[in-house]
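Asks: Have a peek at run-v4.txt (compact mmCIF, C-alpha atoms).
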```
# COMPACT_ATOMS: atom_id res chain seq x y z
CA MET V 1 8.35 -19.66 -3.51
CA PRO V 2 6.96 -16.10 -3.54
CA TRP V 3 7.91 -13.68 -6.28
CA ALA V 4 11.46 -13.81 -7.61
CA GLY V 5 12.50 -10.45 -6.18
CA GLY V 6 12.39 -11.76 -2.62
CA ASN V 7 11.35 -10.30 0.72
CA ILE V 8 12.23 -6.60 1.21
CA SER V 9 11.31 -6.22 4.89
CA PHE V 10 13.75 -6.73 7.77
CA ASN V 11 10.88 -7.32 10.21
CA THR V 12 9.72 -10.76 9.08
CA GLY V 13 12.42 -13.02 10.52
CA ASP V 14 14.18 -13.66 7.23
CA ASP V 15 17.95 -13.81 6.84
CA PRO V 16 19.01 -10.12 6.89
CA ALA V 17 21.62 -10.74 4.20
CA ALA V 18 18.98 -12.17 1.86
CA THR V 19 16.68 -9.22 2.53
CA ALA V 20 19.50 -6.75 1.87
CA ALA V 21 20.26 -8.54 -1.40
CA ALA V 22 16.60 -8.35 -2.46
CA ARG V 23 16.51 -4.63 -1.68
CA ALA V 24 19.73 -4.04 -3.60
CA ALA V 25 18.33 -5.91 -6.60
CA LEU V 26 15.13 -3.85 -6.49
CA LEU V 27 17.07 -0.59 -6.38
CA SER V 28 19.34 -1.70 -9.21
CA ALA V 29 16.37 -2.60 -11.40
CA LEU V 30 14.60 0.72 -10.86
CA ARG V 31 17.40 3.28 -10.91
CA PRO V 32 17.60 3.23 -14.75
CA ARG V 33 13.92 4.23 -14.69
CA GLY V 34 14.51 7.46 -12.81
CA LEU V 35 14.45 6.29 -9.18
CA ASP V 36 17.31 7.71 -7.08
CA THR V 37 16.28 6.46 -3.63
CA TRP V 38 13.14 5.58 -1.71
CA ALA V 39 11.45 6.46 1.56
CA GLU V 40 9.76 4.05 3.97
CA VAL V 41 7.77 4.36 7.19
CA ARG V 42 6.93 2.00 10.02
CA GLN V 43 3.47 0.88 8.95
CA VAL V 44 1.10 0.52 11.89
CA HIS V 45 -2.42 0.17 10.37
CA GLY V 46 -3.37 3.74 11.24
CA ASP V 47 -4.03 6.89 9.22
CA ALA V 48 -0.94 9.06 9.80
CA LEU V 49 0.82 10.48 6.72
CA VAL V 50 4.30 11.94 6.20
CA GLU V 51 4.88 14.82 3.79
CA GLU V 52 8.20 14.75 1.94
CA PRO V 53 9.52 11.77 3.95
CA PHE V 54 13.21 11.25 4.62
CA ALA V 55 14.95 9.04 2.07
CA PRO V 56 18.51 7.81 2.74
CA GLU V 57 21.32 7.84 0.22
CA ALA V 58 20.93 5.01 -2.26
CA SER V 59 24.11 3.36 -0.99
CA ALA V 60 22.42 2.89 2.41
CA LEU V 61 19.13 1.49 1.15
CA PRO V 62 19.94 -2.24 0.96
CA ALA V 63 20.77 -2.38 4.68
CA TYR V 64 18.60 0.53 5.82
CA ARG V 65 16.46 -0.21 8.88
CA MET V 66 13.72 2.08 10.08
CA GLU V 67 14.13 2.22 13.84
CA ASP V 68 14.09 6.03 13.75
CA SER V 69 11.47 6.38 11.01
CA PRO V 70 8.00 7.71 11.89
CA GLU V 71 5.03 5.47 12.42
CA ALA V 72 2.68 6.14 9.51
CA ASP V 73 0.72 4.47 6.75
CA GLY V 74 1.15 6.97 3.96
CA MET V 75 3.59 9.36 2.34
CA PHE V 76 3.51 12.01 -0.37
CA THR V 77 6.16 13.92 -2.27
CA SER V 78 6.86 16.32 -5.11
CA ALA V 79 10.58 15.46 -5.25
CA PRO V 80 11.74 13.81 -8.49
CA GLY V 81 13.67 10.60 -7.99
CA LYS V 82 12.32 9.94 -4.48
CA GLY V 83 10.33 6.74 -4.42
CA LEU V 84 7.62 6.00 -1.88
CA LEU V 85 7.74 2.34 -0.84
CA ILE V 86 4.82 0.45 0.68
CA LYS V 87 5.32 -3.07 2.06
CA THR V 88 2.44 -5.55 1.95
CA ALA V 89 1.52 -9.21 2.35
CA ASP V 90 -2.30 -9.00 1.83
CA CYS V 91 -2.98 -5.32 2.63
CA GLN V 92 -3.68 -2.98 -0.27
CA PRO V 93 -0.85 -0.83 -1.61
CA LEU V 94 -2.59 2.27 -2.95
CA LEU V 95 -0.57 4.55 -5.24
CA LEU V 96 -1.80 8.03 -6.21
CA ALA V 97 -0.53 10.43 -8.86
CA HIS V 98 -1.62 13.88 -9.99
CA ARG V 99 -2.40 14.35 -13.65
CA SER V 100 0.60 16.68 -14.03
CA GLY V 101 3.04 13.99 -12.92
CA ARG V 102 4.55 16.37 -10.35
CA HIS V 103 2.97 14.97 -7.18
CA VAL V 104 2.63 11.38 -5.94
CA ALA V 105 1.47 9.57 -2.81
CA ALA V 106 1.50 6.02 -1.47
CA LEU V 107 -0.81 4.51 1.15
CA HIS V 108 -0.74 1.24 3.09
CA VAL V 109 -4.40 0.24 3.37
CA GLY V 110 -5.03 -2.70 5.66
CA TRP V 111 -8.60 -3.50 6.66
CA ARG V 112 -8.23 -1.15 9.60
CA GLY V 113 -7.20 1.52 7.11
CA ASN V 114 -10.43 0.93 5.22
CA ARG V 115 -12.37 1.06 8.45
CA CYS V 116 -10.92 4.48 9.33
CA ASP V 117 -11.40 5.71 5.72
CA LEU V 118 -7.68 6.11 4.97
CA PRO V 119 -8.16 6.00 1.16
CA ALA V 120 -10.38 9.09 1.34
CA SER V 121 -8.68 11.00 4.16
CA GLY V 122 -5.22 10.27 2.75
CA LEU V 123 -6.30 11.54 -0.65
CA VAL V 124 -7.79 14.70 0.84
CA ARG V 125 -4.64 15.49 2.83
CA PHE V 126 -2.40 14.78 -0.18
CA CYS V 127 -4.43 17.17 -2.32
CA ALA V 128 -4.55 19.84 0.40
CA ALA V 129 -0.76 19.78 0.82
CA TYR V 130 -0.18 20.79 -2.81
CA GLY V 131 -3.41 22.55 -3.70
CA LEU V 132 -4.62 19.74 -5.97
CA ASP V 133 -8.10 18.83 -7.18
CA PRO V 134 -9.10 15.21 -6.38
CA ALA V 135 -10.66 15.07 -9.86
CA ASP V 136 -7.12 15.21 -11.26
CA ILE V 137 -5.83 12.22 -9.27
CA PHE V 138 -5.23 8.75 -10.67
CA ALA V 139 -5.21 5.80 -8.26
CA VAL V 140 -3.87 2.26 -8.62
CA ARG V 141 -4.40 -0.54 -6.11
CA GLY V 142 -1.85 -3.33 -6.14
CA PRO V 143 -2.21 -7.08 -5.49
CA SER V 144 -3.87 -7.76 -2.14
CA LEU V 145 -6.44 -9.92 -0.38
CA GLY V 146 -9.32 -10.51 -2.77
CA PRO V 147 -13.08 -10.56 -2.13
CA SER V 148 -13.20 -14.36 -1.83
CA ARG V 149 -10.47 -14.53 0.85
CA ALA V 150 -11.06 -11.48 3.05
CA GLU V 151 -13.03 -13.40 5.67
CA PHE V 152 -14.27 -11.68 8.83
CA VAL V 153 -16.13 -13.97 11.19
CA ASN V 154 -16.83 -11.11 13.62
CA HIS V 155 -18.16 -8.61 11.12
CA GLU V 156 -20.53 -6.89 13.53
CA ARG V 157 -17.78 -6.18 16.03
CA GLU V 158 -14.99 -5.43 13.57
CA TRP V 159 -16.95 -3.44 10.96
CA GLY V 160 -20.56 -2.58 11.77
CA ASP V 161 -23.63 -1.75 9.71
CA SER V 162 -22.12 1.08 7.66
CA PHE V 163 -19.84 -1.42 5.87
CA ARG V 164 -22.53 -4.01 5.20
CA PRO V 165 -22.77 -3.20 1.44
CA TRP V 166 -19.32 -4.72 0.97
CA PHE V 167 -19.94 -7.80 3.14
CA ASP V 168 -21.13 -11.15 1.78
CA ALA V 169 -22.91 -12.86 4.67
CA ALA V 170 -22.81 -16.26 2.96
CA SER V 171 -19.02 -16.35 2.62
CA ARG V 172 -18.39 -13.96 5.53
CA CYS V 173 -15.97 -12.08 3.25
CA MET V 174 -15.47 -8.36 2.64
CA ASP V 175 -14.93 -6.83 -0.79
CA LEU V 176 -12.06 -4.61 0.28
CA TRP V 177 -11.24 -3.78 -3.32
CA GLY V 178 -14.72 -2.39 -3.92
CA LEU V 179 -14.68 -0.56 -0.59
CA THR V 180 -11.41 1.21 -1.42
CA ALA V 181 -12.72 2.28 -4.83
CA SER V 182 -15.91 3.58 -3.24
CA GLN V 183 -13.98 5.56 -0.61
CA LEU V 184 -11.79 7.15 -3.28
CA GLU V 185 -14.79 8.01 -5.43
CA ALA V 186 -16.59 9.56 -2.46
CA ALA V 187 -13.54 11.80 -1.93
CA GLY V 188 -13.69 13.09 -5.50
CA VAL V 189 -11.66 10.74 -7.70
CA PRO V 190 -13.63 9.87 -10.86
CA ARG V 191 -14.32 6.15 -11.12
CA ARG V 192 -12.64 6.04 -14.54
CA GLN V 193 -9.37 7.09 -12.86
CA ILE V 194 -9.39 4.32 -10.26
CA PHE V 195 -7.55 1.18 -11.31
CA GLY V 196 -6.83 -2.12 -9.60
CA LEU V 197 -4.56 -5.10 -10.17
CA ASP V 198 -7.18 -7.70 -9.28
CA ILE V 199 -4.71 -10.33 -8.10
CA CYS V 200 -5.51 -11.96 -4.76
CA THR V 201 -2.31 -12.53 -2.81
CA SER V 202 -3.81 -15.45 -0.88
CA LEU V 203 -5.01 -17.22 -4.02
CA ASN V 204 -1.64 -16.61 -5.69
CA ALA V 205 0.69 -17.32 -2.78
CA GLN V 206 3.10 -19.10 -5.10
CA HIS V 207 3.91 -15.69 -6.60
CA TYR V 208 3.07 -13.20 -3.83
CA PHE V 209 3.64 -13.04 -0.10
CA SER V 210 0.41 -13.62 1.82
CA HIS V 211 0.06 -13.45 5.57
CA ARG V 212 -3.47 -14.87 5.33
CA HIS V 213 -2.18 -17.90 3.41
CA ASP V 214 1.10 -18.56 5.21
CA ALA V 215 0.83 -16.75 8.58
CA ARG V 216 4.57 -16.06 8.51
CA SER V 217 5.57 -14.41 5.25
CA GLY V 218 7.81 -11.82 3.72
CA ARG V 219 6.72 -8.51 2.24
CA GLN V 220 6.58 -7.34 -1.35
CA ALA V 221 7.19 -3.77 -2.39
CA SER V 222 4.97 -1.32 -4.23
CA LEU V 223 6.67 1.88 -5.36
CA ILE V 224 5.70 5.14 -7.00
CA TRP V 225 8.05 7.97 -7.98
CA ILE V 226 8.50 10.97 -10.22
CA GLU V 227 11.28 10.33 -12.71
CA ALA V 228 14.50 12.13 -11.85
```
Starting from the file, give its structure as structure tokens.

Replies:
Amino acid sequence: MPWAGGNISFNTGDDPAATAAARAALLSALRPRGLDTWAEVRQVHGDALVEEPFAPEASALPAYRMEDSPEADGMFTSAPGKGLLIKTADCQPLLLAHRSGRHVAALHVGWRGNRCDLPASGLVRFCAAYGLDPADIFAVRGPSLGPSRAEFVNHEREWGDSFRPWFDAASRCMDLWGLTASQLEAAGVPRRQIFGLDICTSLNAQHYFSHRHDARSGRQASLIWIEA
């Protein structure tokens, strides 16, 4: 079974009641830590961001569905207590925080997000919105598809020559972790402030949801917030 918290996405075919229960448990566990509510978007593997996204009342979160939410793959906020929730099952959840602790952002970085340079462009837009210096940003990448499992058999068509430094021709795998770190560093984040939880979801599918491993899977949550 994947991680004990359960699937938090209503769009995976799971029992809606079980998903609502998992979401309620997540909220209950985090509210004592300064989380009042959280915002979500309809993730579409693009590069759109939402500034100060809508977050429903906490009482609505367990059953909250996002039919009217914007399509985007990133959010940022300066509102204490408002969490930013990213849902993944192999893609990289990328969480950003300013040194002051007063501004945070969350990005959903699938391989298409890497290809369109979302780590860098998302960072730049986050900093521009609040007048921040990228050198004062800390970044954490969550569990996701690791370098030994990110296979691309059509590398030339899907990536191209500019991404060849992160491609291992022998295994036909991409180092998406290294690519994300490089994109952040190129946008001004010091390497010493870029962190990663180097846990491959596909290799650890007994603990994490992995679309690459199971084809049909739930979604785990990655959250960042400013304490209320």

Asks: Considering all atoms listed in the file, state which residue in the set V:Leu132, V:Leu179, V:Ala48, V:Ala97 is at the smallest distance from V:Leu84.

Replies: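 For V:Leu84, the nearest of the given residues is V:Ala97.
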
Asks: Please compute the atom CA of V:Ala79-atom CA of V:Phe138 distance, one decimal, in Å.

Replies: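 So the answer is 18.0 Å.
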
Asks: Between atom CA of V:Phe76 and atom CA of V:Val50, measure the distance and give it in Å to one decimal.

Replies: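 These two atoms are separated by 6.6 Å.
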
Asks: Could you tell me how far atom CA of V:Asp175 sits from atom CA of V:Ala150, in Å to one decimal place?

Replies: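 Atom CA of V:Asp175 lies at a distance of 7.2 Å from atom CA of V:Ala150.
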
Asks: Contacts of V:Gly83 at 8 Å or less, counting only C-alpha atoms, minus same-chain residues fewer than 6 places along, as a VMD selection string?

Replies: chain V and resid 35 to 39 223 to 226

Asks: Rank nothing, just name the residue among V:Val44, V:Gly113, V:Cys127, V:Tyr64 nearest to V:Thr77, using all atoms listed in the file.

Replies: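 Of V:Val44, V:Gly113, V:Cys127, V:Tyr64, the one nearest V:Thr77 is V:Cys127, counting all atoms listed in the file.
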